[in-house]
>>> print(open('query21.csv').read())   # CSV, C-alpha atoms
chain,number,residue,atom,x,y,z
A,1,ASP,CA,23.8,121.9,-43.0
A,2,GLY,CA,25.3,123.2,-39.8
A,3,GLY,CA,24.9,121.2,-36.6
A,4,ILE,CA,26.3,118.9,-34.0
A,5,THR,CA,27.1,115.3,-34.9
A,6,GLN,CA,27.4,112.7,-32.2
A,7,SER,CA,28.7,109.3,-32.8
A,8,PRO,CA,28.1,106.5,-32.4
A,9,LYS,CA,24.4,106.6,-31.9
A,10,TYR,CA,24.4,103.3,-30.0
A,11,LEU,CA,27.4,101.7,-28.3
A,12,PHE,CA,27.7,98.5,-26.3
A,13,ARG,CA,30.8,97.8,-24.2
A,14,LYS,CA,31.9,95.3,-21.7
A,15,GLU,CA,32.4,96.4,-18.1
A,16,GLY,CA,35.8,97.7,-17.4
A,17,GLN,CA,36.5,99.0,-20.9
A,18,ASN,CA,37.1,102.7,-21.6
A,19,VAL,CA,34.9,104.1,-24.4
A,20,THR,CA,35.1,107.4,-26.3
A,21,LEU,CA,32.0,109.3,-27.5
A,22,SER,CA,32.5,111.7,-30.4
A,23,CYS,CA,31.0,115.2,-30.6
A,24,GLU,CA,31.7,117.4,-33.7
A,25,GLN,CA,30.2,120.8,-34.5
A,26,ASN,CA,30.5,122.9,-37.7
A,27,LEU,CA,28.7,125.9,-36.2
A,28,ASN,CA,31.8,127.7,-35.1
A,29,HIS,CA,30.5,127.7,-31.6
A,30,ASP,CA,32.9,128.6,-28.8
A,31,ALA,CA,31.5,126.6,-25.9
A,32,MET,CA,30.7,122.9,-25.8
A,33,TYR,CA,29.1,120.7,-23.1
A,34,TRP,CA,28.5,117.1,-22.2
A,35,TYR,CA,25.3,116.0,-20.4
A,36,ARG,CA,24.2,112.7,-19.1
A,37,GLN,CA,20.6,111.6,-19.0
A,38,ASP,CA,19.3,108.6,-17.0
A,39,PRO,CA,15.9,107.0,-17.7
A,40,GLY,CA,13.0,109.3,-16.7
A,41,GLN,CA,15.4,112.0,-15.4
A,42,GLY,CA,16.7,115.3,-16.4
A,43,LEU,CA,20.1,116.1,-17.8
A,44,ARG,CA,23.2,116.5,-15.6
A,45,LEU,CA,26.4,118.3,-16.6
A,46,ILE,CA,29.5,116.2,-16.9
A,47,TYR,CA,32.1,118.6,-18.4
A,48,TYR,CA,32.1,121.8,-20.4
A,49,SER,CA,34.7,123.8,-22.4
A,50,GLN,CA,34.5,127.5,-23.2
A,51,ILE,CA,37.7,127.7,-25.3
A,52,VAL,CA,40.2,125.4,-27.0
A,53,ASN,CA,42.6,123.6,-24.6
A,54,ASP,CA,40.5,124.5,-21.6
A,55,PHE,CA,37.6,122.7,-19.9
A,56,GLN,CA,35.9,122.5,-16.5
A,57,LYS,CA,34.2,119.8,-14.5
A,58,GLY,CA,30.5,119.8,-14.2
A,59,ASP,CA,28.3,118.2,-11.5
A,60,ILE,CA,29.2,114.6,-12.2
A,61,ALA,CA,32.7,114.5,-13.7
A,62,GLU,CA,34.0,111.6,-11.8
A,63,GLY,CA,34.8,108.7,-14.1
A,64,TYR,CA,34.9,110.8,-17.2
A,65,SER,CA,37.5,112.7,-19.1
A,66,VAL,CA,37.5,115.2,-22.0
A,67,SER,CA,39.8,117.0,-24.4
A,68,ARG,CA,39.3,120.2,-26.5
A,69,GLU,CA,42.2,120.2,-29.0
A,70,LYS,CA,40.1,121.7,-31.7
A,71,LYS,CA,37.3,124.2,-31.6
A,72,GLU,CA,34.9,121.9,-33.4
A,73,SER,CA,35.6,118.7,-31.4
A,74,PHE,CA,34.9,117.8,-27.8
A,75,PRO,CA,35.2,114.0,-27.3
A,76,LEU,CA,34.1,112.4,-24.0
A,77,THR,CA,35.8,109.3,-22.6
A,78,VAL,CA,33.9,107.1,-20.2
A,79,THR,CA,36.5,105.4,-18.1
A,80,SER,CA,36.3,102.2,-16.1
A,81,ALA,CA,36.2,104.3,-13.0
A,82,GLN,CA,32.6,105.4,-13.9
A,83,LYS,CA,30.5,103.1,-11.6
A,84,ASN,CA,27.3,103.2,-13.7
A,85,PRO,CA,28.1,104.3,-17.2
A,86,THR,CA,24.9,103.0,-18.9
A,87,ALA,CA,23.1,106.2,-19.9
A,88,PHE,CA,22.1,108.5,-22.8
A,89,TYR,CA,24.8,111.2,-23.5
A,90,LEU,CA,24.1,114.5,-25.1
A,91,CYS,CA,26.5,117.0,-26.4
A,92,ALA,CA,25.7,120.7,-26.9
A,93,SER,CA,27.3,123.9,-28.0
A,94,ILE,CA,26.7,127.7,-28.0
A,95,PRO,CA,28.4,130.7,-29.5
A,96,ARG,CA,29.9,133.4,-27.3
A,97,GLY,CA,27.4,135.9,-26.2
A,98,ALA,CA,24.4,133.7,-27.0
A,99,ASN,CA,22.0,132.0,-24.6
A,100,VAL,CA,20.4,129.1,-26.5
A,101,LEU,CA,22.3,125.8,-26.6
A,102,THR,CA,22.2,123.6,-29.7
A,103,PHE,CA,22.0,119.9,-28.9
A,104,GLY,CA,23.2,116.9,-30.8
A,105,ALA,CA,21.1,113.8,-31.3
A,106,GLY,CA,22.8,111.9,-28.5
A,107,SER,CA,24.6,108.6,-27.9
A,108,ARG,CA,23.2,105.7,-26.0
A,109,LEU,CA,25.9,103.7,-24.1
A,110,THR,CA,25.1,100.3,-22.7
A,111,VAL,CA,27.6,98.5,-20.6
A,112,LEU,CA,27.1,94.8,-20.5
B,1,ALA,CA,24.1,126.4,-6.8
B,2,GLN,CA,20.9,126.7,-8.7
B,3,THR,CA,18.2,124.0,-8.5
B,4,VAL,CA,15.2,123.4,-10.7
B,5,THR,CA,12.2,121.4,-9.6
B,6,GLN,CA,9.4,120.0,-11.6
B,7,SER,CA,6.8,118.6,-9.3
B,8,GLN,CA,4.7,116.7,-11.8
B,9,PRO,CA,6.4,113.5,-13.1
B,10,GLU,CA,3.6,112.7,-15.4
B,11,MET,CA,0.6,114.5,-16.8
B,12,SER,CA,-2.1,113.8,-19.5
B,13,VAL,CA,-4.4,116.0,-21.4
B,14,GLN,CA,-7.1,115.5,-24.0
B,15,GLU,CA,-6.4,116.6,-27.5
B,16,ALA,CA,-7.4,120.3,-28.1
B,17,GLU,CA,-7.4,121.1,-24.4
B,18,THR,CA,-5.0,123.2,-22.4
B,19,VAL,CA,-2.4,121.9,-19.9
B,20,THR,CA,0.0,123.7,-17.6
B,21,LEU,CA,3.3,122.3,-16.5
B,22,SER,CA,4.9,123.6,-13.3
B,23,CYS,CA,8.5,124.6,-12.6
B,24,THR,CA,10.1,126.3,-9.6
B,25,TYR,CA,13.8,127.2,-9.3
B,26,ASP,CA,16.1,128.5,-6.6
B,27,THR,CA,18.8,131.1,-7.3
B,28,SER,CA,20.4,134.1,-5.7
B,29,GLU,CA,21.2,135.6,-9.1
B,30,ASN,CA,19.2,138.4,-10.6
B,31,ASN,CA,20.2,138.1,-14.3
B,32,TYR,CA,19.4,134.7,-15.9
B,33,TYR,CA,17.4,132.9,-18.5
B,34,LEU,CA,14.7,130.2,-18.2
B,35,PHE,CA,13.8,127.7,-20.8
B,36,TRP,CA,11.4,124.9,-21.6
B,37,TYR,CA,12.7,122.1,-23.7
B,38,LYS,CA,10.7,119.3,-25.3
B,39,GLN,CA,12.2,115.8,-25.7
B,40,PRO,CA,10.1,113.5,-28.0
B,41,PRO,CA,10.7,109.8,-28.3
B,42,SER,CA,13.5,110.5,-30.7
B,43,ARG,CA,15.3,112.1,-27.7
B,44,GLN,CA,16.3,115.2,-29.6
B,45,MET,CA,16.2,118.2,-27.3
B,46,ILE,CA,14.0,120.9,-28.9
B,47,LEU,CA,13.7,124.4,-27.5
B,48,VAL,CA,10.1,125.3,-26.9
B,49,ILE,CA,10.3,128.8,-25.3
B,50,ARG,CA,12.7,131.1,-23.6
B,51,GLN,CA,12.3,133.8,-20.9
B,52,GLU,CA,14.8,136.5,-19.9
B,53,ALA,CA,14.5,137.3,-16.2
B,54,TYR,CA,14.8,141.0,-16.6
B,55,LYS,CA,11.7,141.0,-18.9
B,56,GLN,CA,8.4,141.2,-17.0
B,57,GLN,CA,6.3,140.3,-20.1
B,58,ASN,CA,5.6,136.6,-20.3
B,59,ALA,CA,7.1,134.9,-23.4
B,60,THR,CA,4.7,133.4,-26.0
B,61,GLU,CA,5.4,131.1,-29.0
B,62,ASN,CA,2.3,130.2,-30.9
B,63,ARG,CA,0.4,127.6,-28.7
B,64,PHE,CA,3.0,127.8,-25.9
B,65,SER,CA,3.2,130.5,-23.3
B,66,VAL,CA,4.8,130.9,-19.9
B,67,ASN,CA,3.7,132.4,-16.5
B,68,PHE,CA,6.9,133.8,-15.1
B,69,GLN,CA,6.7,134.9,-11.5
B,70,LYS,CA,10.2,136.1,-10.6
B,71,ALA,CA,9.5,136.8,-6.9
B,72,ALA,CA,8.0,133.4,-6.4
B,73,LYS,CA,10.7,131.8,-8.6
B,74,SER,CA,8.1,130.1,-10.7
B,75,PHE,CA,8.1,129.4,-14.4
B,76,SER,CA,5.1,127.4,-15.7
B,77,LEU,CA,4.4,126.4,-19.3
B,78,LYS,CA,0.9,126.5,-20.7
B,79,ILE,CA,0.2,124.5,-23.9
B,80,SER,CA,-3.0,125.5,-25.6
B,81,ASP,CA,-5.0,123.4,-28.1
B,82,SER,CA,-2.9,120.3,-27.3
B,83,GLN,CA,-1.9,118.2,-30.2
B,84,LEU,CA,-0.9,114.5,-30.4
B,85,GLY,CA,2.6,115.7,-31.4
B,86,ASP,CA,3.0,117.5,-28.1
B,87,THR,CA,3.4,114.1,-26.4
B,88,ALA,CA,7.0,114.2,-25.0
B,89,MET,CA,9.1,114.8,-21.9
B,90,TYR,CA,9.3,118.5,-21.0
B,91,PHE,CA,12.2,119.9,-19.2
B,92,CYS,CA,12.5,123.3,-17.4
B,93,ALA,CA,16.0,124.7,-17.4
B,94,PHE,CA,17.9,127.6,-15.9
B,95,MET,CA,20.9,129.5,-17.2
B,96,ASP,CA,23.0,131.8,-15.2
B,97,ASN,CA,24.6,134.4,-17.5
B,98,ASN,CA,27.7,134.6,-15.3
B,99,ALA,CA,28.4,130.8,-15.0
B,100,GLY,CA,29.6,129.6,-18.4
B,101,ASN,CA,26.1,129.5,-19.9
B,102,MET,CA,25.5,126.1,-18.3
B,103,LEU,CA,22.0,124.8,-18.2
B,104,THR,CA,20.6,123.3,-15.0
B,105,PHE,CA,17.7,121.0,-15.7
B,106,GLY,CA,14.7,119.9,-13.7
B,107,GLY,CA,13.7,116.3,-13.6
B,108,GLY,CA,11.2,116.5,-16.3
B,109,THR,CA,7.4,116.0,-16.8
B,110,ARG,CA,6.2,113.3,-19.1
B,111,LEU,CA,3.2,114.7,-21.0
B,112,MET,CA,0.7,112.4,-22.8
B,113,VAL,CA,-1.8,113.9,-25.2
B,114,LYS,CA,-4.8,111.6,-25.6
B,115,PRO,CA,-7.0,111.5,-28.7
>>> encode(input="query21.csv", output="structure tokens")
Amino acid sequence: DGGITQSPKYLFRKEGQNVTLSCEQNLNHDAMYWYRQDPGQGLRLIYYSQIVNDFQKGDIAEGYSVSREKKESFPLTVTSAQKNPTAFYLCASIPRGANVLTFGAGSRLTVL
Amino acid sequence: AQTVTQSQPEMSVQEAETVTLSCTYDTSENNYYLFWYKQPPSRQMILVIRQEAYKQQNATENRFSVNFQKAAKSFSLKISDSQLGDTAMYFCAFMDNNAGNMLTFGGGTRLMVKP
């Protein structure tokens, strides 16, 4: 079945450690996105990529980094510079010319 | 930059009754899309309904319908015959066709359907 796979689903890390969240899609979608969700709040855009080897900052990019070496993959690294990394992270994708995003199931990151 | 506001943090409704969730947005664009997403306890984002700004007719999907008032920049969601499975967070979202298809989300409304 086609879809977006995010891994791991739950992740615990110590403060000061970098951590990478995986997002893989087999939908042949062109654009991919990372959103952050805090408890009881809406989603905020971290980074997005419309084509391979290119990406743009969203509203809250500080403390995060991404890469887009392959069309199907858009990993997000939460660096030690991110002041409050504990959150729920959602990856999404969309084909060119479309207007409905497909979302992954999310990754819950807890920094101890 | 676009903003989306949901003024009702929490709402409740009795099973089988109708409830309306409010959403307002601010944009200078003329060509855009509006969405309502549902996020149940599983946290999966599920598209409920979509409205294209150039269409005057309000979108409808089974028990879900919208009241789109473009001049007022208002986009409310009506849920008819509420079911227990409708209990979830509901997010209003805006997409500018000319800005990388990014979604801008409101803060959400937590809906509880009571038996």
>>> residues_around(input="query21.csv", residues="B:Met45", least_positions_apart="4", cutoff="8 Å", atoms="only C-alpha atoms", output="list in words")
Phe103, Gly104 and Ala105 of chain A; Tyr37, Lys38, Gln39 and Pro40 of chain B
>>> residues_around(input="query21.csv", residues="A:Gly40", least_positions_apart="4", cutoff="9 Å", atoms="all atoms listed in the file", output="PyMOL selection string")
chain B and resi 9+89+107-110
>>> closest_residue(input="query21.csv", among="A:Leu45, A:Glu15, A:Pro8, A:Phe88", to="A:Tyr33", atoms="all atoms listed in the file")
A:Leu45
>>> residues_around(input="query21.csv", residues="stretch 53-60 of chain A", least_positions_apart="6", cutoff="10 Å", atoms="all atoms listed in the file", output="PDB file with C-alpha atoms, in the frame of the given file")
ATOM      1  CA  ALA A  31      31.500 126.600 -25.900  1.00  0.00           C
ATOM      2  CA  MET A  32      30.700 122.900 -25.800  1.00  0.00           C
ATOM      3  CA  TYR A  33      29.100 120.700 -23.100  1.00  0.00           C
ATOM      4  CA  TRP A  34      28.500 117.100 -22.200  1.00  0.00           C
ATOM      5  CA  TYR A  35      25.300 116.000 -20.400  1.00  0.00           C
ATOM      6  CA  ARG A  36      24.200 112.700 -19.100  1.00  0.00           C
ATOM      7  CA  ARG A  44      23.200 116.500 -15.600  1.00  0.00           C
ATOM      8  CA  LEU A  45      26.400 118.300 -16.600  1.00  0.00           C
ATOM      9  CA  ILE A  46      29.500 116.200 -16.900  1.00  0.00           C
ATOM     10  CA  TYR A  47      32.100 118.600 -18.400  1.00  0.00           C
ATOM     11  CA  VAL A  66      37.500 115.200 -22.000  1.00  0.00           C
ATOM     12  CA  SER A  67      39.800 117.000 -24.400  1.00  0.00           C
ATOM     13  CA  ARG A  68      39.300 120.200 -26.500  1.00  0.00           C
ATOM     14  CA  GLU A  69      42.200 120.200 -29.000  1.00  0.00           C
ATOM     15  CA  LYS A  70      40.100 121.700 -31.700  1.00  0.00           C
ATOM     16  CA  LYS A  71      37.300 124.200 -31.600  1.00  0.00           C
ATOM     17  CA  PHE A  74      34.900 117.800 -27.800  1.00  0.00           C
ATOM     18  CA  GLN A  82      32.600 105.400 -13.900  1.00  0.00           C
TER      19      GLN A  82
ATOM     20  CA  GLY B 100      29.600 129.600 -18.400  1.00  0.00           C
ATOM     21  CA  MET B 102      25.500 126.100 -18.300  1.00  0.00           C
ATOM     22  CA  THR B 104      20.600 123.300 -15.000  1.00  0.00           C
TER      23      THR B 104
END
>>> interface_residues(input="query21.csv", of="chain A", to="chain B", cutoff="6 Å", atoms="all atoms listed in the file", output="PyMOL selection string")
chain A and resi 41-43+105
>>> atom_distance(input="query21.csv", atom1="atom CA of A:Gln25", atom2="atom CA of A:Gly2")
7.6 Å
>>> build_atoms(input="query21.csv", residues="stretch 38-49 of chain B", atoms="all heavy atoms", output="CSV table (one decimal), keeping the file's coordinate frame")
chain,number,residue,atom,x,y,z
B,38,LYS,N,11.6,120.5,-25.0
B,38,LYS,CA,10.7,119.3,-25.3
B,38,LYS,C,11.7,118.2,-25.8
B,38,LYS,O,12.6,118.4,-26.6
B,38,LYS,CB,9.7,119.6,-26.4
B,38,LYS,CG,9.0,118.5,-27.0
B,38,LYS,CD,8.1,119.0,-28.1
B,38,LYS,CE,7.3,117.8,-28.8
B,38,LYS,NZ,6.5,118.3,-29.9
B,39,GLN,N,11.4,117.0,-25.3
B,39,GLN,CA,12.2,115.8,-25.7
B,39,GLN,C,11.2,114.7,-26.1
B,39,GLN,O,10.7,114.0,-25.3
B,39,GLN,CB,13.2,115.3,-24.6
B,39,GLN,CG,14.1,114.2,-25.1
B,39,GLN,CD,15.0,113.7,-24.1
B,39,GLN,OE1,14.6,113.4,-22.9
B,39,GLN,NE2,16.3,113.5,-24.4
B,40,PRO,N,11.0,114.6,-27.5
B,40,PRO,CA,10.1,113.5,-28.0
B,40,PRO,C,10.8,112.2,-27.9
B,40,PRO,O,11.9,112.1,-27.5
B,40,PRO,CB,9.8,114.0,-29.4
B,40,PRO,CG,11.0,114.8,-29.8
B,40,PRO,CD,11.5,115.5,-28.5
B,41,PRO,N,10.1,111.1,-28.3
B,41,PRO,CA,10.7,109.8,-28.3
B,41,PRO,C,12.0,109.7,-29.0
B,41,PRO,O,12.8,108.8,-28.7
B,41,PRO,CB,9.6,108.9,-28.9
B,41,PRO,CG,8.3,109.6,-28.5
B,41,PRO,CD,8.6,111.1,-28.6
B,42,SER,N,12.2,110.5,-30.0
B,42,SER,CA,13.5,110.5,-30.7
B,42,SER,C,14.7,111.0,-29.8
B,42,SER,O,15.8,110.8,-30.2
B,42,SER,CB,13.5,111.5,-31.9
B,42,SER,OG,13.3,112.8,-31.4
B,43,ARG,N,14.3,111.6,-28.7
B,43,ARG,CA,15.3,112.1,-27.7
B,43,ARG,C,16.1,113.3,-28.1
B,43,ARG,O,17.0,113.8,-27.4
B,43,ARG,CB,16.3,111.0,-27.2
B,43,ARG,CG,15.5,109.7,-26.8
B,43,ARG,CD,16.4,108.8,-26.0
B,43,ARG,NE,16.5,109.3,-24.6
B,43,ARG,CZ,16.9,108.6,-23.6
B,43,ARG,NH1,17.4,107.4,-23.8
B,43,ARG,NH2,17.1,109.1,-22.4
B,44,GLN,N,15.7,113.9,-29.2
B,44,GLN,CA,16.3,115.2,-29.6
B,44,GLN,C,15.8,116.3,-28.7
B,44,GLN,O,14.6,116.3,-28.4
B,44,GLN,CB,15.9,115.5,-31.1
B,44,GLN,CG,16.4,116.8,-31.5
B,44,GLN,CD,17.9,116.8,-31.8
B,44,GLN,OE1,18.5,115.9,-32.4
B,44,GLN,NE2,18.6,117.8,-31.2
B,45,MET,N,16.6,117.1,-28.2
B,45,MET,CA,16.2,118.2,-27.3
B,45,MET,C,15.8,119.4,-28.2
B,45,MET,O,16.5,119.9,-29.0
B,45,MET,CB,17.3,118.7,-26.4
B,45,MET,CG,17.7,117.6,-25.4
B,45,MET,SD,16.5,117.3,-24.2
B,45,MET,CE,16.6,118.8,-23.1
B,46,ILE,N,14.5,119.8,-28.0
B,46,ILE,CA,14.0,120.9,-28.9
B,46,ILE,C,13.6,122.1,-28.0
B,46,ILE,O,12.8,121.9,-27.0
B,46,ILE,CB,12.7,120.4,-29.6
B,46,ILE,CG1,13.1,119.2,-30.5
B,46,ILE,CG2,12.1,121.5,-30.5
B,46,ILE,CD1,11.9,118.4,-31.0
B,47,LEU,N,14.1,123.3,-28.3
B,47,LEU,CA,13.7,124.4,-27.5
B,47,LEU,C,12.3,124.8,-27.8
B,47,LEU,O,11.9,125.0,-28.9
B,47,LEU,CB,14.6,125.6,-27.9
B,47,LEU,CG,14.3,126.9,-27.2
B,47,LEU,CD1,14.6,126.8,-25.7
B,47,LEU,CD2,15.1,128.1,-27.8
B,48,VAL,N,11.5,124.9,-26.7
B,48,VAL,CA,10.1,125.3,-26.9
B,48,VAL,C,9.9,126.8,-26.7
B,48,VAL,O,9.3,127.5,-27.5
B,48,VAL,CB,9.2,124.6,-25.8
B,48,VAL,CG1,7.8,125.1,-25.9
B,48,VAL,CG2,9.3,123.1,-26.0
B,49,ILE,N,10.5,127.4,-25.6
B,49,ILE,CA,10.3,128.8,-25.3
B,49,ILE,C,11.4,129.2,-24.3
B,49,ILE,O,11.9,128.4,-23.6
B,49,ILE,CB,8.9,129.0,-24.7
B,49,ILE,CG1,8.4,130.4,-24.8
B,49,ILE,CG2,8.8,128.4,-23.3
B,49,ILE,CD1,6.9,130.6,-24.6
